[in-house]
Amino acid sequence: MSNYSEIFSEISELLQKGKARDIIGSVQKALDAGAEPADILQNALMDGMNIIGGKFKRNEVFVPEVLIAARAMNKATEALKPHLARAGVQPVGKAIICTVKGDLHDIGKNLVKMMIEGKGIEVEDLGVDCDTQFVVDKVRETDAKVLCLSALLTTTMAAQKDVIDALKEAGIRDRIKVMVGGAPVTQGFADEIGADAYTPDAATAAEVCREFYA
Ligand code: B1M
């Protein structure tokens with residue numbers, strides 16, 4: 001049991017309730033009390049995010065609650081970032097995320113991004129309606145290990161295949177793991193287009209993504 005379990009529980013609960021303003025004060029309180037930044041990230045913030053992720057998966061909380069918790073997580077990690085950098089805590093690796101060409105839906109993508117960040121992975125968000133060649137160029141330019149493609153429309157699912165085909169054509173398919181998801185996407189579709197993983201929700205996406213950095 002950590003010496004800081006009381007303040008860590010307080011931070012975890014504030015995160016779950018999405019109290020973005022209060023959480024910064026509590027993170028500072030933990031730092032002032034001598035808690036290690038990495039310990040705060042792992043045992044307070046990620047703990048809260050994992051609890052919310054589990055509840056979301058079981059339909060015990062819904063999108064608005066997850067979004068406000070994610071916003072609180074963002075605020076708290078921003079406050080913690082300079083201390084983490086000083087303590088030499090490096091992200092475990094990098095991932096890229098985007099919504100594919102022709103598709104403007106980004107709520108699910110943003111949730112997946114937050115959950116993956118909650119696992120200590122740095123995520124470059126390319127946004128929505130991402131041109132296939134733009135995504136391929138990004139993969140070539142960065143050392144990201146995982147590419148996450150979101151599609152919400154039956155008409156834009158095909159663009160996930162386009163990205164995988166274009167990566168093959170560019171000769172860089174084996175450089176990156178491709179994860180696909182979004183409401184119309186299925187495991188069968190993912191297998192058909194040669195994706196490395198399909199996950200139905202943000203919490204599972206983060207779990208599976210983290211496994212690629214083992
Ligand atoms: Co759109 N839309 N929409 N829409 N919209 C849907 C998707 C639709 C199902 C509604 C319906 O008809 N019942 C339908 C698609 C039908 C189909 O193709 N099967 C639809 C349509 C038709 C359209 C337009 C064409 C409407 C029109 O203009 N005629 C248009 C298309 C615009 C475009 O993209 N080019 C359009 C526009 C919009 C808005 C802009 C108004 C808005 C988007 C706002 C935004 O995202 N900023 C919108 C919305 C909000 C929806 C609904 C209502 C909600 C989507 C959402 O955010 N869900 C949606 C109906 C519905 O789903 N009930 C609908 C919440 C979100 C958390 O879930 O995105 O599924 P979701 O993400 C989940 C998982 O799928 C998964 O994790 C997330 C969290 O667990 N996941 C991944 C997502 N990406 C992942 C990636 C992964 C792994 C998991 O790994 C890489």
# chains A, B, ... in the order shown; residues from 1 in each chain; ligands from 1
$ residues_near_ligand --ligand "ligand 1" --cutoff "7 Å" --atoms "only C-alpha atoms and all ligand atoms" --output "number ranges by chain"
A: 63, 102-109, 111-112, 148-155, 179-184, 198-203, 205
$ residues_around --residues "Lys119 of chain A" --least-positions-apart "4" --cutoff "8 Å" --atoms "only C-alpha atoms" --output "list in words"
Met46, Met115, Ala206, Glu207 and Arg210 of chain A
$ residues_around --residues "segment 16-18 of chain A" --least-positions-apart "5" --cutoff "7 Å" --atoms "only C-alpha atoms" --output "ChimeraX atom specification"
/A:48-49,52,68-69,71-72
$ write_last_selection --atoms "C-alpha atoms" --output "short mmCIF file (atom, residue, chain, number, x, y, z; two decimals), in the first residue's frame"
data_model
loop_
_atom_site.label_atom_id
_atom_site.label_comp_id
_atom_site.auth_asym_id
_atom_site.auth_seq_id
_atom_site.Cartn_x
_atom_site.Cartn_y
_atom_site.Cartn_z
CA GLY A 48 -8.96 6.55 -12.37
CA MET A 49 -8.90 6.27 -16.16
CA ILE A 52 -13.76 4.81 -16.04
CA ILE A 68 -15.15 14.98 -18.96
CA ALA A 69 -12.96 12.40 -17.22
CA ARG A 71 -10.51 16.26 -20.06
CA ALA A 72 -9.54 16.05 -16.37
#
$ residues_around --residues "segment 79-94 of chain A" --least-positions-apart "5" --cutoff "6 Å" --atoms "only C-alpha atoms" --output "VMD selection string"
chain A and resid 37 120 to 123 144
